[in-house]
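Engineer: Enclosed is the structure file start_34.txt (compact mmCIF, C-alpha atoms and all ligand atoms).
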# COMPACT_ATOMS: atom_id res chain seq x y z
CA MET A 1 -52.09 -16.93 -1.47
CA THR A 2 -49.82 -19.18 0.58
CA SER A 3 -46.58 -17.45 1.43
CA TYR A 4 -43.36 -19.41 1.31
CA THR A 5 -41.23 -16.68 2.77
CA GLU A 6 -41.25 -15.35 6.30
CA SER A 7 -42.58 -11.88 7.08
CA GLU A 8 -40.20 -8.92 7.02
CA GLU A 9 -40.67 -8.68 10.78
CA ARG A 10 -39.48 -12.27 11.26
CA ARG A 11 -36.53 -11.72 8.96
CA ALA A 12 -35.58 -8.58 10.85
CA LEU A 13 -35.74 -10.59 14.07
CA ARG A 14 -33.36 -13.14 12.58
CA ARG A 15 -30.90 -10.41 11.55
CA GLU A 16 -30.98 -8.82 15.01
CA VAL A 17 -30.43 -12.12 16.82
CA ALA A 18 -27.63 -13.07 14.44
CA LYS A 19 -25.96 -9.73 15.13
CA LEU A 20 -26.27 -10.18 18.87
CA ALA A 21 -24.96 -13.78 18.85
CA GLY A 22 -22.23 -12.83 16.38
CA LYS A 23 -20.75 -10.48 18.98
CA PHE A 24 -20.12 -13.54 21.13
CA GLY A 25 -19.39 -16.13 18.42
CA ARG A 26 -18.31 -19.73 18.22
CA GLU A 27 -14.79 -19.29 19.61
CA TRP A 28 -16.12 -17.58 22.74
CA PHE A 29 -18.77 -20.29 23.12
CA THR A 30 -16.23 -23.10 22.74
CA GLU A 31 -13.76 -21.51 25.15
CA LYS A 32 -16.47 -21.19 27.78
CA SER A 33 -17.48 -24.82 27.27
CA ARG A 34 -13.92 -26.13 27.50
CA ALA A 35 -13.20 -24.07 30.60
CA GLY A 36 -16.32 -25.45 32.29
CA GLU A 37 -17.80 -21.97 32.37
CA LYS A 38 -21.29 -20.78 31.53
CA THR A 39 -22.63 -18.57 28.76
CA THR A 40 -24.87 -16.61 31.15
CA GLU A 41 -23.83 -13.26 29.61
CA LEU A 42 -25.30 -14.29 26.28
CA TRP A 43 -28.41 -15.77 27.95
CA LEU A 44 -29.11 -12.58 29.89
CA GLU A 45 -28.50 -10.40 26.87
CA ILE A 46 -31.00 -12.40 24.84
CA GLY A 47 -33.39 -11.98 27.77
CA ARG A 48 -32.81 -8.22 28.08
CA SER A 49 -33.31 -7.79 24.36
CA GLY A 50 -36.74 -9.44 24.60
CA TYR A 51 -35.87 -12.49 22.50
CA LEU A 52 -35.91 -15.14 25.22
CA GLY A 53 -39.57 -14.68 26.05
CA ILE A 54 -40.67 -13.60 22.60
CA ASN A 55 -43.30 -16.38 22.49
CA ILE A 56 -44.74 -15.59 25.93
CA PRO A 57 -47.71 -13.22 26.45
CA GLU A 58 -46.78 -9.58 26.97
CA GLU A 59 -48.52 -9.28 30.33
CA TYR A 60 -45.95 -11.69 31.80
CA GLY A 61 -42.89 -9.97 30.38
CA GLY A 62 -42.88 -11.69 26.99
CA GLY A 63 -43.07 -10.46 23.44
CA GLY A 64 -46.52 -11.84 22.63
CA GLY A 65 -45.21 -13.70 19.56
CA GLY A 66 -45.44 -17.34 18.59
CA ILE A 67 -43.35 -20.48 18.37
CA GLY A 68 -42.22 -19.33 14.92
CA ASP A 69 -40.51 -16.37 16.59
CA ILE A 70 -38.76 -18.26 19.37
CA ALA A 71 -37.73 -20.94 16.85
CA ALA A 72 -36.15 -18.22 14.69
CA VAL A 73 -34.21 -16.98 17.73
CA CYS A 74 -33.03 -20.52 18.54
CA GLU A 75 -31.93 -21.15 14.94
CA GLU A 76 -30.03 -17.89 14.55
CA LEU A 77 -28.12 -18.44 17.81
CA ALA A 78 -27.06 -21.89 16.63
CA ALA A 79 -26.22 -20.58 13.16
CA GLN A 80 -23.70 -18.23 14.82
CA GLY A 81 -22.17 -21.22 16.61
CA CYS A 82 -23.91 -20.54 19.93
CA PRO A 83 -26.51 -23.32 20.18
CA LEU A 84 -28.47 -23.08 23.43
CA LEU A 85 -30.43 -26.17 24.45
CA LEU A 86 -32.13 -24.29 27.25
CA MET A 87 -33.93 -22.25 24.57
CA VAL A 88 -35.81 -25.43 23.76
CA VAL A 89 -36.55 -26.19 27.37
CA SER A 90 -37.15 -22.98 29.31
CA PRO A 91 -39.21 -20.64 27.11
CA ALA A 92 -40.57 -23.16 24.61
CA ILE A 93 -41.54 -26.23 26.66
CA CYS A 94 -41.95 -24.81 30.18
CA GLY A 95 -43.05 -21.34 29.00
CA THR A 96 -45.72 -22.81 26.72
CA ILE A 97 -47.12 -25.25 29.29
CA ILE A 98 -47.29 -22.62 32.03
CA SER A 99 -48.75 -19.97 29.68
CA ARG A 100 -51.43 -22.39 28.56
CA TYR A 101 -52.25 -24.24 31.77
CA GLY A 102 -50.84 -22.32 34.73
CA THR A 103 -53.03 -20.31 37.11
CA GLU A 104 -52.79 -16.53 37.02
CA GLU A 105 -50.54 -16.64 40.12
CA GLN A 106 -48.27 -19.27 38.59
CA LYS A 107 -47.89 -17.27 35.39
CA GLN A 108 -46.97 -14.17 37.35
CA LYS A 109 -44.56 -16.12 39.50
CA TRP A 110 -42.58 -17.98 36.83
CA LEU A 111 -43.02 -16.44 33.38
CA PRO A 112 -41.21 -13.11 33.90
CA GLY A 113 -38.04 -14.94 35.02
CA ILE A 114 -38.25 -17.28 32.04
CA CYS A 115 -38.54 -14.21 29.78
CA ASP A 116 -35.64 -12.18 31.13
CA GLY A 117 -33.43 -15.18 31.82
CA THR A 118 -33.18 -14.72 35.57
CA GLY A 119 -35.57 -17.61 36.35
CA THR A 120 -34.64 -20.35 33.93
CA MET A 121 -36.66 -23.55 34.10
CA ALA A 122 -35.39 -27.01 33.15
CA PHE A 123 -37.68 -29.85 32.09
CA ALA A 124 -37.51 -33.43 33.35
CA ILE A 125 -39.41 -36.33 31.86
CA THR A 126 -36.77 -38.93 30.91
CA GLU A 127 -36.08 -41.71 33.39
CA PRO A 128 -33.34 -44.36 33.40
CA ASP A 129 -35.68 -47.36 33.20
CA ALA A 130 -38.59 -45.95 31.22
CA GLY A 131 -36.37 -44.28 28.57
CA THR A 132 -38.34 -43.51 25.44
CA ASN A 133 -41.44 -45.16 26.89
CA SER A 134 -42.68 -42.22 28.97
CA HIS A 135 -45.82 -44.19 29.88
CA ASN A 136 -43.57 -46.21 32.19
CA ILE A 137 -42.25 -43.37 34.31
CA THR A 138 -42.19 -44.17 38.00
CA THR A 139 -41.49 -40.78 39.57
CA THR A 140 -44.48 -40.61 41.87
CA ALA A 141 -46.41 -37.77 43.45
CA ARG A 142 -48.21 -38.59 46.70
CA ARG A 143 -50.68 -36.28 48.35
CA ASP A 144 -49.53 -34.84 51.66
CA GLY A 145 -52.16 -32.65 53.29
CA ASP A 146 -52.66 -29.76 50.88
CA GLY A 147 -49.36 -30.40 49.20
CA TRP A 148 -47.42 -33.19 47.55
CA VAL A 149 -44.39 -35.41 48.11
CA LEU A 150 -42.30 -36.41 45.11
CA ASN A 151 -40.04 -39.44 44.77
CA GLY A 152 -38.17 -40.66 41.72
CA ARG A 153 -35.20 -40.34 39.44
CA LYS A 154 -34.62 -38.57 36.14
CA ILE A 155 -31.78 -38.73 33.64
CA TYR A 156 -30.17 -36.53 30.94
CA ILE A 157 -31.85 -33.42 32.29
CA SER A 158 -30.28 -30.38 30.63
CA GLY A 159 -29.19 -27.27 32.47
CA VAL A 160 -30.27 -28.12 36.02
CA ASP A 161 -27.27 -26.17 37.36
CA GLU A 162 -28.46 -23.05 35.50
CA ALA A 163 -32.10 -23.42 36.48
CA ASP A 164 -34.00 -22.15 39.49
CA ASN A 165 -36.76 -24.66 38.90
CA VAL A 166 -37.39 -27.88 37.05
CA LEU A 167 -40.76 -28.72 35.52
CA VAL A 168 -40.95 -32.38 36.54
CA VAL A 169 -43.27 -34.91 34.94
CA ALA A 170 -44.46 -37.39 37.56
CA ARG A 171 -47.36 -39.80 37.94
CA THR A 172 -49.95 -39.84 40.66
CA GLU A 173 -50.09 -42.78 42.99
CA ASP A 174 -53.45 -43.89 41.63
CA THR A 175 -52.49 -46.98 39.65
CA ARG A 176 -55.99 -48.55 39.46
CA THR A 177 -56.14 -48.38 35.69
CA GLY A 178 -52.48 -49.30 35.28
CA LYS A 179 -52.22 -46.34 32.92
CA VAL A 180 -49.92 -43.50 33.78
CA LYS A 181 -51.63 -40.27 34.71
CA PRO A 182 -48.92 -37.70 34.25
CA VAL A 183 -48.85 -34.66 36.48
CA LEU A 184 -46.54 -31.69 36.20
CA PHE A 185 -44.81 -29.94 39.09
CA VAL A 186 -42.53 -26.97 39.30
CA VAL A 187 -39.75 -28.10 41.63
CA PRO A 188 -37.23 -25.54 42.94
CA THR A 189 -33.68 -26.83 42.48
CA ASP A 190 -32.85 -25.86 46.06
CA SER A 191 -35.63 -28.05 47.52
CA GLU A 192 -34.68 -30.42 50.31
CA GLY A 193 -34.37 -33.93 48.87
CA PHE A 194 -33.52 -32.64 45.37
CA GLU A 195 -30.09 -33.65 44.09
CA ALA A 196 -28.53 -33.21 40.64
CA ARG A 197 -25.36 -34.98 39.53
CA PRO A 198 -23.68 -34.06 36.23
CA ILE A 199 -23.28 -36.79 33.62
CA ALA A 200 -19.96 -36.78 31.76
CA MET A 201 -21.00 -36.21 28.14
CA GLU A 202 -18.85 -35.96 24.98
CA ILE A 203 -20.61 -32.77 23.87
CA VAL A 204 -18.64 -29.52 23.82
CA SER A 205 -21.27 -27.29 25.38
CA PRO A 206 -21.59 -25.07 28.43
CA GLU A 207 -24.93 -26.75 29.06
CA LEU A 208 -24.63 -29.97 30.99
CA GLN A 209 -26.88 -32.99 31.47
CA PHE A 210 -27.77 -34.31 34.91
CA GLN A 211 -29.14 -37.22 36.82
CA VAL A 212 -31.78 -35.91 39.17
CA PHE A 213 -32.74 -37.62 42.41
CA LEU A 214 -36.01 -36.72 44.11
CA ASP A 215 -36.17 -38.10 47.63
CA ASP A 216 -39.27 -37.09 49.58
CA VAL A 217 -39.35 -33.64 48.02
CA HIS A 218 -42.19 -31.73 49.70
CA LEU A 219 -44.07 -29.35 47.47
CA PRO A 220 -46.88 -26.90 48.15
CA ALA A 221 -50.26 -27.32 46.40
CA ASP A 222 -49.47 -24.55 43.92
CA ALA A 223 -46.45 -26.43 42.58
CA LEU A 224 -48.88 -28.51 40.51
CA VAL A 225 -49.26 -27.03 37.03
CA GLY A 226 -52.68 -27.46 35.48
CA ASP A 227 -55.23 -30.09 36.21
CA GLU A 228 -54.33 -33.24 38.11
CA SER A 229 -56.36 -35.35 35.69
CA GLY A 230 -55.49 -33.50 32.50
CA GLY A 231 -51.74 -33.96 32.66
CA LEU A 232 -51.44 -35.75 29.34
CA VAL A 233 -53.07 -32.92 27.39
CA GLN A 234 -50.88 -30.42 29.22
CA LEU A 235 -47.77 -32.44 28.49
CA PHE A 236 -48.69 -32.71 24.81
CA ALA A 237 -48.99 -28.91 24.68
CA GLY A 238 -45.23 -28.77 25.17
CA LEU A 239 -44.35 -31.45 22.62
CA ASN A 240 -44.91 -29.61 19.35
CA PRO A 241 -42.96 -26.55 20.53
CA GLU A 242 -40.21 -28.93 21.73
CA ARG A 243 -39.93 -30.56 18.29
CA ILE A 244 -40.07 -27.29 16.36
CA MET A 245 -37.35 -25.88 18.60
CA ALA A 246 -35.20 -29.00 18.33
CA ALA A 247 -35.52 -28.78 14.54
CA SER A 248 -34.43 -25.13 14.63
CA PHE A 249 -31.51 -25.98 16.89
CA SER A 250 -30.42 -28.57 14.28
CA THR A 251 -30.90 -26.38 11.20
CA GLY A 252 -28.99 -23.60 12.94
CA LEU A 253 -26.07 -25.90 13.72
CA ALA A 254 -26.21 -27.30 10.19
CA ARG A 255 -26.01 -23.79 8.73
CA PHE A 256 -23.05 -23.02 10.95
CA ALA A 257 -21.22 -26.18 9.82
CA LEU A 258 -21.97 -25.48 6.17
CA ASP A 259 -20.88 -21.84 6.39
CA ARG A 260 -17.56 -22.83 7.89
CA ALA A 261 -17.07 -25.64 5.35
CA SER A 262 -17.90 -23.39 2.38
CA ALA A 263 -15.55 -20.67 3.59
CA TYR A 264 -12.75 -23.21 4.02
CA ALA A 265 -13.42 -24.80 0.62
CA LYS A 266 -13.03 -21.41 -1.05
CA GLU A 267 -9.68 -20.71 0.59
CA ARG A 268 -7.83 -23.96 0.91
CA VAL A 269 -5.60 -24.71 -2.10
CA VAL A 270 -3.66 -27.95 -2.35
CA PHE A 271 -3.42 -28.44 -6.11
CA GLN A 272 -3.90 -25.51 -8.49
CA ALA A 273 -7.29 -24.32 -7.31
CA PRO A 274 -9.31 -24.10 -4.09
CA ILE A 275 -10.61 -27.49 -2.95
CA GLY A 276 -14.17 -26.22 -3.51
CA THR A 277 -13.44 -26.48 -7.25
CA HIS A 278 -13.56 -30.27 -6.91
CA GLN A 279 -17.08 -31.55 -7.22
CA ALA A 280 -16.22 -34.23 -4.67
CA ILE A 281 -16.09 -31.37 -2.16
CA ALA A 282 -18.67 -29.00 -3.68
CA HIS A 283 -21.49 -31.46 -4.32
CA PRO A 284 -21.87 -32.80 -0.78
CA LEU A 285 -21.96 -29.19 0.45
CA ALA A 286 -24.57 -28.33 -2.17
CA GLN A 287 -26.58 -31.39 -1.07
CA SER A 288 -26.42 -30.11 2.50
CA LYS A 289 -27.63 -26.70 1.40
CA ILE A 290 -30.70 -28.32 -0.19
CA GLU A 291 -31.37 -30.62 2.77
CA ILE A 292 -31.09 -27.75 5.24
CA GLU A 293 -33.45 -25.51 3.26
CA LEU A 294 -36.00 -28.33 3.01
CA ALA A 295 -35.82 -28.92 6.76
CA ARG A 296 -36.16 -25.18 7.44
CA LEU A 297 -39.22 -24.97 5.24
CA MET A 298 -40.91 -27.84 7.07
CA THR A 299 -39.95 -26.31 10.42
CA GLN A 300 -41.49 -22.98 9.43
CA LYS A 301 -44.62 -24.79 8.23
CA ALA A 302 -44.90 -26.63 11.56
CA ALA A 303 -44.51 -23.37 13.47
CA ALA A 304 -47.08 -21.61 11.28
CA LEU A 305 -49.60 -24.43 11.82
CA TYR A 306 -48.96 -24.45 15.56
CA ASP A 307 -49.31 -20.68 15.81
CA ALA A 308 -52.56 -20.90 13.82
CA GLY A 309 -53.93 -23.33 16.44
CA ASP A 310 -53.80 -26.48 14.29
CA ASP A 311 -52.25 -28.84 16.85
CA VAL A 312 -52.84 -31.99 14.81
CA GLY A 313 -51.39 -30.60 11.58
CA ALA A 314 -48.52 -29.12 13.56
CA GLY A 315 -47.86 -32.51 15.18
CA GLU A 316 -47.18 -34.26 11.89
CA ALA A 317 -45.18 -31.35 10.47
CA ALA A 318 -43.16 -30.87 13.68
CA ASN A 319 -42.17 -34.54 13.74
CA MET A 320 -41.17 -34.48 10.09
CA ALA A 321 -39.27 -31.22 10.54
CA LYS A 322 -37.40 -32.52 13.55
CA TYR A 323 -36.43 -35.67 11.70
CA ALA A 324 -35.33 -33.85 8.56
CA ALA A 325 -33.42 -31.22 10.50
CA ALA A 326 -31.48 -33.75 12.58
CA GLU A 327 -30.53 -35.76 9.49
CA ALA A 328 -29.49 -32.61 7.62
CA ALA A 329 -27.40 -31.46 10.57
CA CYS A 330 -25.59 -34.79 11.03
CA ASP A 331 -24.73 -34.88 7.33
CA ALA A 332 -23.66 -31.24 7.24
CA ALA A 333 -21.36 -31.75 10.24
CA ASP A 334 -19.83 -34.86 8.69
CA ARG A 335 -19.25 -33.07 5.38
CA ALA A 336 -17.80 -30.04 7.14
CA VAL A 337 -15.27 -32.26 8.91
CA GLN A 338 -14.33 -33.96 5.64
CA THR A 339 -13.94 -30.63 3.85
CA HIS A 340 -11.45 -29.54 6.51
CA GLY A 341 -9.27 -32.64 6.12
CA GLY A 342 -6.98 -33.03 9.14
CA ASN A 343 -8.03 -29.62 10.38
CA GLY A 344 -11.52 -31.08 10.66
CA ILE A 345 -10.56 -32.96 13.77
CA THR A 346 -8.46 -30.33 15.50
CA GLN A 347 -9.72 -28.34 18.43
CA GLU A 348 -8.59 -25.18 16.67
CA TYR A 349 -11.12 -25.56 13.88
CA GLY A 350 -13.78 -27.03 16.21
CA MET A 351 -15.54 -29.04 13.53
CA ALA A 352 -15.38 -32.51 15.07
CA GLY A 353 -17.30 -31.33 18.14
CA LEU A 354 -20.21 -30.67 15.82
CA LEU A 355 -20.42 -34.38 15.06
CA VAL A 356 -21.57 -35.15 18.59
CA ALA A 357 -23.65 -32.01 18.97
CA THR A 358 -25.62 -32.70 15.80
CA ARG A 359 -25.80 -36.41 16.63
CA ALA A 360 -27.66 -35.58 19.83
CA GLY A 361 -30.41 -34.18 17.62
CA ARG A 362 -31.09 -37.67 16.30
CA ILE A 363 -31.64 -38.93 19.85
CA ALA A 364 -33.24 -36.09 21.80
CA PRO A 365 -35.79 -34.90 22.66
CA VAL A 366 -37.41 -37.68 20.68
CA SER A 367 -35.40 -40.21 18.70
CA ARG A 368 -35.54 -40.59 14.94
CA GLU A 369 -36.98 -44.09 15.41
CA MET A 370 -39.91 -42.78 17.42
CA ILE A 371 -40.59 -40.17 14.74
CA LEU A 372 -40.53 -42.87 12.08
CA ASN A 373 -42.96 -44.86 14.26
CA PHE A 374 -45.21 -41.80 14.47
CA VAL A 375 -45.19 -41.19 10.72
CA ALA A 376 -45.68 -44.89 9.94
CA MET A 377 -48.70 -45.04 12.24
CA HIS A 378 -50.31 -41.66 11.92
CA SER A 379 -49.42 -40.56 8.40
CA LEU A 380 -49.44 -43.97 6.72
CA GLY A 381 -51.90 -45.85 8.93
CA LEU A 382 -49.52 -48.75 9.50
CA PRO A 383 -49.92 -50.97 12.58
CA LYS A 384 -48.20 -50.10 15.83
CA SER A 385 -45.11 -52.21 16.48
CA TYR A 386 -44.65 -51.63 20.19
C1 LIG B 401 -28.06 -33.91 24.97
C2 LIG B 401 -29.31 -34.45 25.57
C3 LIG B 401 -30.13 -33.58 26.31
C4 LIG B 401 -31.31 -34.07 26.89
N1 LIG B 401 -32.07 -33.22 27.65
C5 LIG B 401 -33.18 -33.70 28.27
C6 LIG B 401 -33.96 -32.86 29.13
O1 LIG B 401 -33.64 -31.67 29.32
N2 LIG B 401 -35.04 -33.37 29.75
C7 LIG B 401 -35.43 -34.68 29.56
O2 LIG B 401 -36.44 -35.09 30.15
N3 LIG B 401 -34.71 -35.53 28.76
C8 LIG B 401 -33.61 -35.06 28.12
N4 LIG B 401 -32.85 -35.90 27.31
C9 LIG B 401 -33.24 -37.30 27.19
C10 LIG B 401 -33.78 -37.67 25.81
O3 LIG B 401 -35.08 -37.16 25.64
C11 LIG B 401 -33.71 -39.21 25.69
O4 LIG B 401 -32.35 -39.54 25.63
C12 LIG B 401 -34.44 -39.74 24.50
O5 LIG B 401 -35.83 -39.54 24.64
C13 LIG B 401 -34.17 -41.24 24.28
O6 LIG B 401 -34.37 -41.96 25.47
P1 LIG B 401 -33.23 -42.97 26.00
O7 LIG B 401 -31.94 -42.23 25.98
O8 LIG B 401 -33.66 -43.55 27.28
O9 LIG B 401 -33.13 -44.11 24.90
P2 LIG B 401 -33.90 -45.49 24.89
O10 LIG B 401 -35.35 -45.28 25.17
O11 LIG B 401 -33.17 -46.46 25.75
O12 LIG B 401 -33.78 -45.90 23.38
C14 LIG B 401 -32.57 -46.49 22.85
C15 LIG B 401 -32.75 -46.70 21.35
O13 LIG B 401 -33.85 -47.59 21.10
C16 LIG B 401 -34.76 -47.00 20.20
N5 LIG B 401 -36.13 -47.42 20.49
C17 LIG B 401 -36.75 -47.47 21.70
N6 LIG B 401 -38.02 -47.86 21.55
C18 LIG B 401 -38.23 -48.02 20.24
C19 LIG B 401 -39.35 -48.41 19.45
N7 LIG B 401 -40.54 -48.66 19.97
N8 LIG B 401 -39.19 -48.51 18.11
C20 LIG B 401 -38.00 -48.22 17.54
N9 LIG B 401 -36.90 -47.87 18.23
C21 LIG B 401 -37.02 -47.77 19.56
C22 LIG B 401 -34.58 -45.51 20.41
O14 LIG B 401 -35.02 -44.77 19.30
C23 LIG B 401 -33.09 -45.41 20.63
O15 LIG B 401 -32.42 -45.35 19.40
C24 LIG B 401 -31.68 -35.43 26.72
C25 LIG B 401 -30.84 -36.29 25.97
C26 LIG B 401 -29.68 -35.80 25.41
C27 LIG B 401 -28.82 -36.76 24.62
Translate the structure described by the file into structure tokens.
Structural biologist:
Amino acid sequence: MTSYTESEERRALRREVAKLAGKFGREWFTEKSRAGEKTTELWLEIGRSGYLGINIPEEYGGGGGGIGDIAAVCEELAAQGCPLLLMVVSPAICGTIISRYGTEEQKQKWLPGICDGTGTMAFAITEPDAGTNSHNITTTARRDGDGWVLNGRKIYISGVDEADNVLVVARTEDTRTGKVKPVLFVVPTDSEGFEARPIAMEIVSPELQFQVFLDDVHLPADALVGDESGGLVQLFAGLNPERIMAASFSTGLARFALDRASAYAKERVVFQAPIGTHQAIAHPLAQSKIEIELARLMTQKAAALYDAGDDVGAGEAANMAKYAAAEAACDAADRAVQTHGGNGITQEYGMAGLLVATRAGRIAPVSREMILNFVAMHSLGLPKSY
């Protein structure tokens, strides 16, 4: 029989992560962000507890679990008000690609640090000109003896300052077919010719976004992950985990917003009864509860399909989950602000910051429009518009 509830083991994992993140909490997270400090303590504790690499094979320091497990970790952190974007990037995207396509030496070199949090890896595909159209990336890898030389520019790359390496998506110089042949390289952030400049964002988060400049960055042969000609398949291996994680990030934030709003609605009295008595306040929160649970269900389905090896089924479900989760999160944040009245836009209550944080989920890592394009084309068979 199909099960619509998670295993007891998964639920126990959620409780443990929630307990751990709860020790830190939203106020701590916000203070760190506003002071321009990092949340490394939390990151390392998640690593030490075995949650950061829970999806990575045990022989490389991981927990041997699946995307469903790491997605649960990501969601519970966010639900406690400690959303960590690098969870999406380091263990889920980079960890998955290296676990699936790295050589034995590469796995031994990079996976243990991803698991314990001491060797975080960022991920860079987006470019200023190509934007959503990743087929147009121009960051180019040229052969140089046994090794490679990389030149190009990336934008909105999360957490470069906290990462030892960046998994960079480039193209090889062979442009005979005119089609991009993506290749993936692990680039140390202290490489000569590598420069990262922070972008001033309106998000209250300790994790920053960067412009990355790659000017004649020399890399050894073993910086190339996977096959030079199979880059697209390798890249796609990271996409479903990315979407499932982004969905979990959003449902976690949405739960956090809704919890705070519900608590406030029970306490705040301006006429005779708490404001939650008014259906104008209660119904939007109830709607959010339903939307969040629907998005969580689809996210768990996507993770289950992915972990069962059904990449195609997981692709459709992961896109739908990511869409639904981002929409649910934006609405939950907006309703949480409204429930708080004037307090909703004070720093003290910290609700307004959620508007931007949840809004980012509609844009990254893949925009809602591109998901709608995917569903229109692949689920409905409609013609491609671009
Ligand atoms: C907080 C944050 C963190 C990020 N972290 C990373 C990271 O770590 N690594 C990384 O590589 N990237 C990262 N990104 C980049 C992110 O993946 C891109 O912002 C996203 O893919 C959209 O690209 P763009 O910003 O260039 O928008 P554009 O491509 O310029 O798109 C602008 C708008 O046009 C729409 N649009 C474009 N083409 C179509 C079409 N064919 N049909 C319909 N609508 C279309 C888009 O949906 C969007 O609404 C991050 C972004 C943010 C905001």
Engineer: Quick one: residues within 12 Å of Arg335 of chain A, all atoms listed in the file, excluding same-chain residues fewer than 3 positions away - as a count of residues only?
Structural biologist: 34
Engineer: Residues contacting ligand LIG 401 (chain B) - anything with an atom at most 8 Å away, using all atoms listed in the file - can you give me those as a PyMOL selection string?
Structural biologist: chain A and resi 85-86+89+122-133+154-159+203+208-209+357+360-361+363-370+373+385-386
Engineer: Compile the contact shell of Glu228 of chain A as an NGL selection string: residues with an atom at most 12 Å away, counting all atoms listed in the file, same-chain residues fewer than 4 positions apart removed.
Structural biologist: :A and (101-102 or 141-143 or 148 or 169-174 or 180-185 or 221-224 or 232-235)
Engineer: Excluding segment 240-250 of chain A and its own-chain neighbours fewer than 6 positions away, which residues fall within 8 Å of it when counting all atoms listed in the file? Please give them as a VMD selection string.
Structural biologist: chain A and resid 67 70 to 72 74 to 75 78 83 to 85 87 to 89 92 to 93 96 295 to 296 299 302 to 303 306 311 314 to 315 318 to 319 321 to 326 328 to 329 358 361 365 to 366
Engineer: To one decimal in Å, tell me the separation between atom CA of Cys94 of chain A and atom CA of Met121 of chain A.
Structural biologist: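 Interatomic distance here is 6.7 Å.
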Engineer: From the coordinates supplied, segment 77-93 of chain A should be written with C-alpha atoms, as a PDB file, in the first residue's frame.
Structural biologist:
ATOM      1  CA  LEU A  77      16.156  24.242   9.971  1.00  0.00           C
ATOM      2  CA  ALA A  78      14.049  26.762   8.062  1.00  0.00           C
ATOM      3  CA  ALA A  79      10.966  25.947  10.144  1.00  0.00           C
ATOM      4  CA  GLN A  80      12.956  27.015  13.231  1.00  0.00           C
ATOM      5  CA  GLY A  81      13.785  30.301  11.495  1.00  0.00           C
ATOM      6  CA  CYS A  82      17.303  29.252  10.474  1.00  0.00           C
ATOM      7  CA  PRO A  83      17.053  28.772   6.699  1.00  0.00           C
ATOM      8  CA  LEU A  84      20.411  27.779   5.209  1.00  0.00           C
ATOM      9  CA  LEU A  85      20.767  28.157   1.448  1.00  0.00           C
ATOM     10  CA  LEU A  86      24.090  26.357   1.492  1.00  0.00           C
ATOM     11  CA  MET A  87      22.186  23.191   2.448  1.00  0.00           C
ATOM     12  CA  VAL A  88      20.744  23.281  -1.051  1.00  0.00           C
ATOM     13  CA  VAL A  89      24.093  23.903  -2.652  1.00  0.00           C
ATOM     14  CA  SER A  90      26.836  22.056  -0.785  1.00  0.00           C
ATOM     15  CA  PRO A  91      25.486  18.617   0.196  1.00  0.00           C
ATOM     16  CA  ALA A  92      22.546  18.388  -2.204  1.00  0.00           C
ATOM     17  CA  ILE A  93      23.824  19.767  -5.534  1.00  0.00           C
TER      18      ILE A  93
END
